[in-house]
Amino acid sequence: MSGSYVSPGVKPTLPLPSAAVAVEDLAKHYGSVRALDAVTLAVAPGEIFGLLGPNGAGKSTMIRILTGRAKPTGGHARVLGHEVPRELEAVRGRINLVAETPNVYPRASARENLELFCRLYGLPRRRAGEVLEQVRLGDVADRRVKTFSTGMRQRLLLARALLNEPRVLFLDEPTRGLDPPSARELRDAVRALAAGGATIFLTTHDMGEADELCRRVAFLAGGRVVALDTPRALKLGLAGDAPAADVVLDDGSDLRVALEDAGDAGRLEELIRARRVRSIHSREPTLADAFIRLTGHDLVAGGDDDERDR
Amino acid sequence: MSPRRILAILTKDLRDAWRDGRILVLLLLPIGGGLFTALANDDKLPTTSVAVVDQADGAVTRELRAIAGKSAKLKLERVPDAASARRLVAAQEIDVAVVARPRAQILVAQRAPPAAQAIAELAPVALDRAAGREPRARPPVEVVAAADQKPADVLGSSFDEVFSILLFVIFVAMMVVPMQTAEELESGTFGALRLAAPGREILAAKALAGYVYGAAGVGLTVALTGLRVDDPLVFFGAAFALIVTLVGFGLLLGLLLPNAGAINTYAGFLVVPLVFMAGAGFKFESGIAGAVLDLLPLSQAVKLLSDGASPQQPFDAGPLAWLVIAVWAVAGYGILARIATRREL
């Protein structure tokens, strides 16, 4: 895929000084591998922004740079107006991250895990208890984390990320491996944070999640932004596709009908008259469709840049 | 560098070590080994039972222990008066009685073993010292070392304790510190800490944790084994210098190996040669092997520890020993800083 796709009338970037997160011509190379290649984007204060792409697209690398844990090979990255990682100290207390892996201390209790970070951020210890109550882990605050379920660990990660009341919260594949109720809970927490004025920078390869949460999304493939717009605009970009319907027949078989095709339409009419149709659903393009159309890949393609998080 | 953040991470590391069975075993194994050999050596010593009619402050008992040192094991019993002491000696229940009041006297059982008779010979010195007097003039007794005596022979039973201290430092630096570091990197908690603290502070805290384990372990080994340290400054200084130096390389190992399991697997390749090197430090003083060993921090630490432990200073190591250790420390932390920067930690 070459070039970049931007929906008409939507600016891909905001004026950099006013952005909560801004990257300009950002590049990160690991030897001959271009994890990020001339990426430019900006996220407005209070916005929920999604960076979407398959494993290996460069999402985690982007987060590593924005959280000051990796140096870019070229270009600039700014968070809350400060160049990172050079001016990281100026923003350290105002950003936080929910990592993809449950990187908590299993031999410590939930409270001890958070109290460590209270001390690191210079916060009073009671803040740990407050946040644990907020994520509904108050009852198990003194239990060792090794006894926690995946969902509980993810809630603990969120609690840790909320400790310092971040102005910018990065979430790296936050719902991967979570059961649907836990994932929904986490999404609700993210919406609440954004409603409180925090900027959310989310990476995911779950297009449904991005569609549901994000005001704008960027598609990242091969280290480049290939599209950046609202989910709706990206889906409408595929509106030129012929309308279709998915039909389920009385014998349980599926049928896709192209509504503009006279033959297909006539066949559907016959089936309806014969009372053989159990259900009809109009088929609208999804973000995943838009991604595949724009990048030529589906979301499970590619390698994995998670290893670089070590 | 923020002391608050370093202290927070250090406290977390120490607590985590206490809860991690693998780390506890690695820390306790060499100390236990040292204690075991000390007890085994202790059993070889002749035991002399001594009744003491002491001053109120227990000074005679203290001085008797000091004089006996590691040459004899004393079984001391305080008795109220000279008459009680005499009864015990007469009943052959006690080998020697040392009476400090009302007048100084020493009683020896007729069939007392040679060690008890030696203690009786030395008891006047203890009485003089306890009374604050200079011991009466006695012809100086000089121990003449055998011409072909090795440093390990000079150290005597202290050799085992010095060796267990070296073993402890190697275990801490080459296994405990790298395991904790690698585990943190592997689980991603290092990355979580990096959000709240710079990498150099995290590594500083991990190095400090290594120093704390090392210092505590050396102190505990000395206390438990009863190792007599002749020159504490040299002995503890050398132990600490070795800990600081090796911990730098241990951290490096933690960064380079992929996980704690790999440390378990590969550390043997490092620990065993280091243990051999420590042993060789006692054996080869000259020749090519001696010259090569002189360039290594472990061999120089062996010399300094031995000199610190024994009044005879078996190696008589000079400033060169300190210099070699310092050069390795600077090299280790220099490489560590370079790797950490390259790895964006």
# chains A, B, ... in the order shown; residues from 1 in each chain; ligands from 1
call {"tool": "closest_atom_pairs", "arguments": {"of": "chain B", "to": "chain A", "cutoff": "12 Å", "atoms": "only C-alpha atoms", "output": "tab-separated table"}}
result
residue	atom	partner	partner_atom	distance
B:Met1	CA	A:Glu89	CA	11.4
B:Ser2	CA	A:Leu120	CA	9.3
B:Pro3	CA	A:Leu120	CA	10.1
B:Arg4	CA	A:Leu120	CA	7.1
B:Arg5	CA	A:Leu120	CA	5.0
B:Ile6	CA	A:Leu120	CA	8.4
B:Leu7	CA	A:Arg119	CA	9.1
B:Ala8	CA	A:Arg119	CA	6.2
B:Ile9	CA	A:Leu116	CA	7.3
B:Leu10	CA	A:Leu116	CA	10.2
B:Thr11	CA	A:Leu116	CA	8.9
B:Lys12	CA	A:Leu116	CA	7.2
B:Asp13	CA	A:Tyr105	CA	10.4
B:Leu14	CA	A:Ala108	CA	11.7
B:Arg15	CA	A:Ala108	CA	8.5
B:Asp16	CA	A:Arg107	CA	6.7
B:Ala17	CA	A:Arg107	CA	9.6
B:Trp18	CA	A:Arg107	CA	9.9
B:Arg19	CA	A:Arg107	CA	6.7
B:Asp20	CA	A:Arg107	CA	7.7
B:Gly21	CA	A:Arg107	CA	10.8
B:Gln180	CA	A:Tyr105	CA	11.8
B:Thr181	CA	A:Arg310	CA	11.6
B:Ala182	CA	A:Arg310	CA	9.7
B:Glu183	CA	A:Tyr105	CA	10.4
B:Glu184	CA	A:Tyr105	CA	8.9
B:Leu185	CA	A:Arg310	CA	5.6
B:Glu186	CA	A:Arg310	CA	6.2
B:Ser187	CA	A:Asn103	CA	5.7
B:Gly188	CA	A:Asn103	CA	5.0
B:Thr189	CA	A:Asn103	CA	4.9
B:Phe190	CA	A:Arg310	CA	8.1
B:Gly191	CA	A:Arg310	CA	7.3
B:Ala192	CA	A:Asn103	CA	6.9
B:Leu193	CA	A:Phe117	CA	8.0
B:Arg194	CA	A:Arg69	CA	6.9
B:Leu195	CA	A:Thr67	CA	6.7
B:Ala196	CA	A:Leu120	CA	6.1
B:Ala197	CA	A:Leu120	CA	7.0
B:Pro198	CA	A:Glu89	CA	8.7
B:Gly199	CA	A:Arg69	CA	8.9
B:Glu201	CA	A:Leu120	CA	10.9
B:Ile202	CA	A:Leu120	CA	10.9
B:Leu255	CA	A:Arg310	CA	9.8
B:Leu256	CA	A:Arg310	CA	11.2
B:Leu257	CA	A:Arg310	CA	11.5
B:Pro258	CA	A:Arg310	CA	9.1
B:Asn259	CA	A:Arg310	CA	10.2
B:Ala340	CA	A:Ala70	CA	11.7
B:Thr341	CA	A:Ala70	CA	10.0
B:Arg342	CA	A:Ala70	CA	10.0
B:Arg343	CA	A:Ala70	CA	8.6
B:Glu344	CA	A:Ala70	CA	5.7
B:Leu345	CA	A:Arg69	CA	6.9
call {"tool": "write_last_selection", "arguments": {"atoms": "N, CA and C atoms", "output": "compact mmCIF listing (two decimals), in the first residue's frame"}}
result
# COMPACT_ATOMS: atom_id res chain seq x y z
N MET B 1 18.93 12.07 39.66
CA MET B 1 18.62 10.89 40.49
C MET B 1 17.73 11.30 41.68
N SER B 2 16.66 10.56 41.87
CA SER B 2 15.77 10.86 42.98
C SER B 2 15.92 9.78 44.06
N PRO B 3 16.46 10.15 45.24
CA PRO B 3 16.62 9.16 46.32
C PRO B 3 15.28 8.53 46.71
N ARG B 4 14.19 9.32 46.63
CA ARG B 4 12.87 8.79 47.01
C ARG B 4 12.48 7.63 46.10
N ARG B 5 12.66 7.83 44.81
CA ARG B 5 12.27 6.79 43.86
C ARG B 5 13.19 5.57 43.98
N ILE B 6 14.50 5.84 44.15
CA ILE B 6 15.45 4.73 44.28
C ILE B 6 15.11 3.90 45.52
N LEU B 7 14.81 4.59 46.61
CA LEU B 7 14.49 3.88 47.85
C LEU B 7 13.21 3.06 47.70
N ALA B 8 12.22 3.62 46.99
CA ALA B 8 10.96 2.89 46.78
C ALA B 8 11.21 1.59 46.01
N ILE B 9 12.02 1.66 44.98
CA ILE B 9 12.29 0.45 44.17
C ILE B 9 13.15 -0.53 44.95
N LEU B 10 14.11 0.00 45.70
CA LEU B 10 14.97 -0.86 46.53
C LEU B 10 14.13 -1.63 47.55
N THR B 11 13.22 -0.92 48.22
CA THR B 11 12.37 -1.58 49.22
C THR B 11 11.53 -2.67 48.57
N LYS B 12 11.02 -2.37 47.40
CA LYS B 12 10.21 -3.37 46.67
C LYS B 12 11.06 -4.60 46.34
N ASP B 13 12.28 -4.38 45.88
CA ASP B 13 13.16 -5.50 45.51
C ASP B 13 13.48 -6.37 46.72
N LEU B 14 13.75 -5.72 47.86
CA LEU B 14 14.10 -6.50 49.06
C LEU B 14 12.90 -7.33 49.52
N ARG B 15 11.72 -6.72 49.47
CA ARG B 15 10.52 -7.45 49.88
C ARG B 15 10.24 -8.61 48.92
N ASP B 16 10.44 -8.36 47.66
CA ASP B 16 10.20 -9.39 46.64
C ASP B 16 11.17 -10.55 46.83
N ALA B 17 12.42 -10.24 47.17
CA ALA B 17 13.42 -11.30 47.38
C ALA B 17 13.01 -12.18 48.54
N TRP B 18 12.49 -11.54 49.59
CA TRP B 18 12.07 -12.27 50.79
C TRP B 18 10.95 -13.25 50.46
N ARG B 19 10.13 -12.90 49.45
CA ARG B 19 8.97 -13.74 49.10
C ARG B 19 9.27 -14.73 47.98
N ASP B 20 10.47 -14.64 47.42
CA ASP B 20 10.82 -15.50 46.30
C ASP B 20 11.70 -16.64 46.80
N GLY B 21 11.14 -17.84 46.77
CA GLY B 21 11.86 -19.00 47.30
C GLY B 21 13.22 -19.22 46.65
N GLN B 180 16.73 -11.17 39.41
CA GLN B 180 15.71 -10.16 39.70
C GLN B 180 15.57 -9.17 38.54
N THR B 181 16.70 -8.83 37.94
CA THR B 181 16.67 -7.86 36.83
C THR B 181 16.01 -8.48 35.60
N ALA B 182 16.42 -9.70 35.26
CA ALA B 182 15.89 -10.35 34.06
C ALA B 182 14.39 -10.61 34.21
N GLU B 183 13.98 -11.01 35.42
CA GLU B 183 12.56 -11.28 35.64
C GLU B 183 11.73 -10.01 35.44
N GLU B 184 12.28 -8.91 35.92
CA GLU B 184 11.58 -7.62 35.80
C GLU B 184 11.45 -7.21 34.32
N LEU B 185 12.51 -7.46 33.56
CA LEU B 185 12.47 -7.13 32.13
C LEU B 185 11.50 -8.05 31.39
N GLU B 186 11.55 -9.33 31.76
CA GLU B 186 10.73 -10.34 31.08
C GLU B 186 9.25 -10.09 31.32
N SER B 187 8.90 -9.75 32.57
CA SER B 187 7.48 -9.60 32.89
C SER B 187 6.93 -8.24 32.48
N GLY B 188 7.82 -7.33 32.10
CA GLY B 188 7.36 -6.01 31.67
C GLY B 188 7.24 -5.02 32.82
N THR B 189 7.50 -5.46 34.05
CA THR B 189 7.40 -4.53 35.18
C THR B 189 8.50 -3.47 35.12
N PHE B 190 9.61 -3.83 34.47
CA PHE B 190 10.67 -2.83 34.28
C PHE B 190 10.12 -1.66 33.45
N GLY B 191 9.36 -2.02 32.42
CA GLY B 191 8.75 -0.99 31.58
C GLY B 191 7.77 -0.13 32.37
N ALA B 192 7.03 -0.79 33.28
CA ALA B 192 6.08 -0.03 34.11
C ALA B 192 6.83 0.95 35.01
N LEU B 193 7.93 0.48 35.58
CA LEU B 193 8.74 1.38 36.43
C LEU B 193 9.30 2.53 35.61
N ARG B 194 9.65 2.23 34.35
CA ARG B 194 10.27 3.25 33.50
C ARG B 194 9.34 4.44 33.25
N LEU B 195 8.02 4.18 33.37
CA LEU B 195 7.08 5.29 33.21
C LEU B 195 7.20 6.28 34.36
N ALA B 196 7.56 5.75 35.53
CA ALA B 196 7.57 6.59 36.73
C ALA B 196 8.98 6.97 37.17
N ALA B 197 10.00 6.32 36.61
CA ALA B 197 11.38 6.60 37.04
C ALA B 197 12.33 6.33 35.88
N PRO B 198 13.39 7.12 35.76
CA PRO B 198 14.35 6.86 34.68
C PRO B 198 15.05 5.52 34.88
N GLY B 199 15.50 4.93 33.78
CA GLY B 199 16.15 3.63 33.84
C GLY B 199 17.37 3.62 34.75
N GLU B 201 17.79 5.18 37.49
CA GLU B 201 17.38 5.06 38.89
C GLU B 201 16.97 3.63 39.21
N ILE B 202 16.34 2.98 38.25
CA ILE B 202 15.91 1.59 38.48
C ILE B 202 17.15 0.71 38.63
N LEU B 255 20.66 -7.89 32.01
CA LEU B 255 20.18 -7.18 30.82
C LEU B 255 20.37 -8.01 29.56
N LEU B 256 21.44 -8.82 29.56
CA LEU B 256 21.80 -9.51 28.33
C LEU B 256 21.06 -10.84 28.15
N LEU B 257 20.82 -11.53 29.25
CA LEU B 257 20.14 -12.83 29.12
C LEU B 257 18.64 -12.61 29.05
N PRO B 258 17.93 -13.45 28.29
CA PRO B 258 16.54 -13.15 27.98
C PRO B 258 15.57 -13.27 29.15
N ASN B 259 15.84 -14.15 30.10
CA ASN B 259 14.90 -14.29 31.21
C ASN B 259 15.58 -14.95 32.42
N ALA B 340 22.81 -0.24 28.67
CA ALA B 340 21.50 0.27 29.09
C ALA B 340 21.05 1.39 28.15
N THR B 341 21.97 2.24 27.73
CA THR B 341 21.62 3.33 26.80
C THR B 341 21.22 2.74 25.46
N ARG B 342 22.01 1.78 25.00
CA ARG B 342 21.74 1.18 23.69
C ARG B 342 20.39 0.47 23.69
N ARG B 343 20.05 -0.13 24.83
CA ARG B 343 18.78 -0.86 24.92
C ARG B 343 17.62 0.03 25.31
N GLU B 344 17.87 1.31 25.43
CA GLU B 344 16.85 2.30 25.76
C GLU B 344 16.14 1.95 27.06
N LEU B 345 16.93 1.60 28.09
CA LEU B 345 16.33 1.27 29.38
C LEU B 345 16.20 2.52 30.24
call {"tool": "residues_around", "arguments": {"residues": "stretch 162-175 of chain A", "least_positions_apart": "6", "cutoff": "9 Å", "atoms": "only C-alpha atoms", "output": "ChimeraX atom specification"}}
result
/A:20-21,45-46,59-60,63,66-67,79-80,93-101,114,117-118,121,123,127-128,130-131,154,182-184,186-187,193,197-206,209
call {"tool": "closest_residue", "arguments": {"among": "B:Thr245, B:Leu320, B:Ile23, B:Ala109", "to": "B:Val50", "atoms": "only C-alpha atoms"}}
result
B:Ala109
call {"tool": "atom_distance", "arguments": {"atom1": "atom CA of A:Val23", "atom2": "atom CA of A:Ala90"}}
result
17.4 Å
call {"tool": "closest_residue", "arguments": {"among": "A:Val135, A:Leu249, A:Ala110, A:Leu228", "to": "A:Thr147", "atoms": "only C-alpha atoms"}}
result
A:Ala110
call {"tool": "atom_distance", "arguments": {"atom1": "atom CA of B:Val79", "atom2": "atom CA of B:Gln92"}}
result
15.2 Å
call {"tool": "select_by_dssp", "arguments": {"residues": "stretch 65-131 of chain B", "states": "alpha helix (DSSP H)", "output": "ChimeraX atom specification"}}
result
/B:65-68,82-90,114-130
call {"tool": "residues_around", "arguments": {"residues": "A:Gly75", "least_positions_apart": "6", "cutoff": "8 Å", "atoms": "only C-alpha atoms", "output": "PyMOL selection string"}}
result
chain A and resi 23-27+38
call {"tool": "write_last_selection", "arguments": {"atoms": "N, CA and C atoms", "output": "tab-separated table (two decimals), in the first residue's frame"}}
result
chain	number	residue	atom	x	y	z
A	23	VAL	N	2.91	13.93	16.78
A	23	VAL	CA	4.16	13.39	16.21
A	23	VAL	C	4.29	13.92	14.79
A	24	GLU	N	5.52	14.18	14.42
A	24	GLU	CA	5.79	14.80	13.13
A	24	GLU	C	6.96	14.08	12.49
A	25	ASP	N	6.70	13.50	11.35
A	25	ASP	CA	7.74	12.75	10.60
A	25	ASP	C	8.46	11.76	11.50
A	26	LEU	N	7.73	11.15	12.38
A	26	LEU	CA	8.36	10.26	13.37
A	26	LEU	C	8.83	8.97	12.71
A	27	ALA	N	10.08	8.63	13.00
A	27	ALA	CA	10.64	7.39	12.45
A	27	ALA	C	11.36	6.63	13.54
A	38	ALA	N	8.12	8.05	9.04
A	38	ALA	CA	7.55	9.38	8.73
A	38	ALA	C	6.08	9.49	9.12
call {"tool": "atom_distance", "arguments": {"atom1": "atom CA of B:Ser49", "atom2": "atom CA of B:Asp95"}}
result
5.3 Å
